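Trainee: Mind looking over this structure? Questions follow.
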Amino acid sequence: MHSDHASLKLKIAAAAGLLFLHLPIALIFVYAFTTEEKSFQWPPPGYTLKWFAATWDRPDVWEAMALSLKVAAISTLLAMLLGTLCAAAVSRTKFFGRESISLLVILPIALPGVVTGIALRSAFSIAEVPFSTWTIVLGHATFCVVIVYNNAVARFRRTSGSLIEASMDLGANLFQTLRHVILPNIATALVVGGMLAFALSFDEVIVTTFTAGQQQTLPIWMLEELVRPRERPVTNVVAMVVVLVTLLPILGAYYLTRGTEAVAGQGK
Amino acid sequence: MTMAQTTASAQIGPSEGVLTRLSDTLWRRPTLLLLILLTPPALWLGIIYLGSLFALLLQSFFSIDHFTGLINHEFTLATYAELFTPANFDIIRRTVGMAALVTVASAVIAFPIAYYAARYAKGAWRALFYLGIMMPLWSSYLVKVYAWKLILAKEGILTWIFEGLHLTWLLDAYLALPVIGGNSLSVSPTGTFLVFVYVWLPYIVLPIQAALERVPTSMLEASGDLGAKPAQTFRHVLLPLALPGVIAGSIFTFSLTLGDYIIPQIIGTSRLFIGQAVYQHQGIAGNIPLAAAFAVVPIVIMGVYLWIAKRMGAFDAL
């Protein structure tokens, strides 16, 4: 007999699994306040707020943050444009090569990041493209397209084609239909896709190490600190801020897609 | 109807006449519209992405002159042959073995979470479970790795817990083991394994949960009614039905471990994984052909993996 209540063993296993997922992140929040400078000592010998002020005064952190935000913003806009176009084409019509288009969109995220990274890097060196913000954007936009695409495709499938036909029958041209019928219908899906793409780009490090040259995005700054720790307290604070910054778009995306079958964030 | 049409065209006015004509043309020729929609993304992905991939693939058929350090642009399979030297093949074997272990461990930890979420979590609990998996999944990758650097450090929380439980001898005995041990957890293969499992675990939970949600409760009840013990029901009914979801999720954990080069660089021994080999050969060594050949390895392995997954029905579970 199966009852409607979970067995104790299942409850414990599920709870332990979730704790395993969350405790390490919680630890980051504790370390941001520790007075210890030279090691990762636990328990912290004391608590202080002074590292927040110290981090605030660091130009390198601000520069890395600014570059990350800039790259994420441009990549998100590009991905939203390309992803929506692709989704519109794939969901509206059946055509030869439709399957390969879907595959092409998914490929940059399905293949390991190191493959995408080295492919772009060697292409840049063959074409003699110097590293710049745009080389980072090129990589980021490529793997962000799929996030927008997934959200937009799901929404296009649920938007009835008869709405568009009705609009055209009533005399609106294609552009008026786009403006007054199609866009309002897919708006939330686009916003969700955009927010997730932003979060993905803001956090990306593997492809970025190949396309950034000497530039530092925030994840690259973190990576350098991880490989050669120099200023642990500042890193602790930055880590905490990054957790908070990436959580906002996720909670926003969740809030906007509650109760629909297209679940936010499945594409990552 | 005629009225409406007249008013509409009256509102459009002469300035929008061009747009209307353009719109009519596009509406009458769906192929042209399709072409306009598809060209920008197809050009972007086709030229920038596929172009780069093919360029990479091409380079793997070149070789490097070990004396001059120059790349020899003649077609050869010698670079691929280099992958099978003992040192290089060891890297491939180590990476694939780690990816397999990480996948199995993730599946074991993920299953109870997914099962509880799919079957018992209702209402607010359901939302909480969903966010409870989504938030770690989307949390910054580097921050997660950093958290484990804090945990596994010699002066960190794990050592402190073992001390508190008077089990330091156990930890020391474990670290003294060959192959899996090391000077401290943060420089041992066990450390690398733990961080891999932690970072990729959320990716396998959702596909398993999706598969479990489709298992009818009546089947489990029928199995119980026919005298099966819970363990037998799990083994013969639940697991086979959930298997496509487990395999679908394992694609992520396996592929992500296969290509990662940051985690083993920060937590673990100095022995290389495929991703690190790619990074080092293209960077310091400047041996782009060998780096390219190494990059082809995960592509081929994932190709085989996806083919098997497809045959086992994993894509219907996604």
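Ligands are numbered from 1 in the order shown, chains are lettered A, B, ... in the order of the structure tokens, and residues start at 1 in each chain.
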I want to know what sits within 9 Å of A:Ser91, based on only C-alpha atoms, with residues of the same chain fewer than 2 positions away left out; could you give that as a list in words?

Mentor: Cys86, Ala87, Ala88, Ala89, Thr93, Lys94, Val153, Ala154, Phe156 and Arg157 of chain A

Trainee: As a PyMOL selection string, please: the residues near stretch 29-41 of chain B (cut-off 7 Å, only C-alpha atoms, same-chain neighbours under 3 positions excluded).

Mentor: (chain A and resi 82+85-86+89) or (chain B and resi 25-26+44-45)

Trainee: Could you check the closest approach to chain A for each of B:Gly156, B:Gly164, B:Pro230, B:Gly123 and tell me which residue wins, using only C-alpha atoms?

Mentor: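 Checking each of B:Gly156, B:Gly164, B:Pro230, B:Gly123 against chain A, counting only C-alpha atoms, the winner is B:Gly156.
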
Trainee: Find the nearest atom pair between each residue of stretch 227-299 of chain B and stretch 172-196 of chain B for residues within 8 Å, count only C-alpha atoms, give distances in Å to one decimal, sort rows by chain and ascending number, and present the table as a tab-separated table.

Mentor:
residue	atom	partner	partner_atom	distance
B:Thr257	CA	B:Phe196	CA	6.8
B:Ile263	CA	B:Thr192	CA	6.7
B:Pro264	CA	B:Thr192	CA	5.8
B:Ile267	CA	B:Ser186	CA	5.2
B:Gly268	CA	B:Val187	CA	4.1
B:Thr269	CA	B:Val187	CA	5.1

Trainee: Identify all residues of stretch 29-166 of chain B in alpha helix (DSSP H) (DSSP on the backbone) and supply them as a PyMOL selection string.

Mentor: chain B and resi 30-43+51-59+78-82+86-119+124-138+141-152+157-164

Trainee: By how many Å are atom CA of B:Ala147 and atom CA of B:Gly132 apart?

Mentor: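 The value is 17.5 Å.
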
Trainee: With only C-alpha atoms as the atoms that count, which of A:Ala197, A:Ile186, A:Leu248, A:Val243 lies nearest to chain B?

Mentor: A:Val243

Trainee: Given only C-alpha atoms as the basis, pick out the residue of A:Glu204, A:Glu231, A:Glu63, A:Asp57 nearest to chain B.

Mentor: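 Distance minimum relative to chain B lands on A:Glu204.
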
Trainee: Rounded to one decimal place, report the atom CA of A:Trp134-atom CA of A:Ser201 distance in Å.

Mentor: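 Going from atom CA of A:Trp134 over to atom CA of A:Ser201, I get 13.4 Å.
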
Trainee: Could you pull the residues within 9 Å of stretch 212-223 of chain A, counting only C-alpha atoms, minus those fewer than 3 positions along the same chain, as number ranges by chain?

Mentor: A: 60-69, 71, 130-133, 135-136, 202-205, 207-209, 226-228, 235, 238-239, 242; B: 140-143, 146, 262

Trainee: Which residue out of A:Met195, A:Leu103, A:Leu170, A:Ala189 has the minimum interatomic distance to chain B when only C-alpha atoms are used?

Mentor: A:Leu170
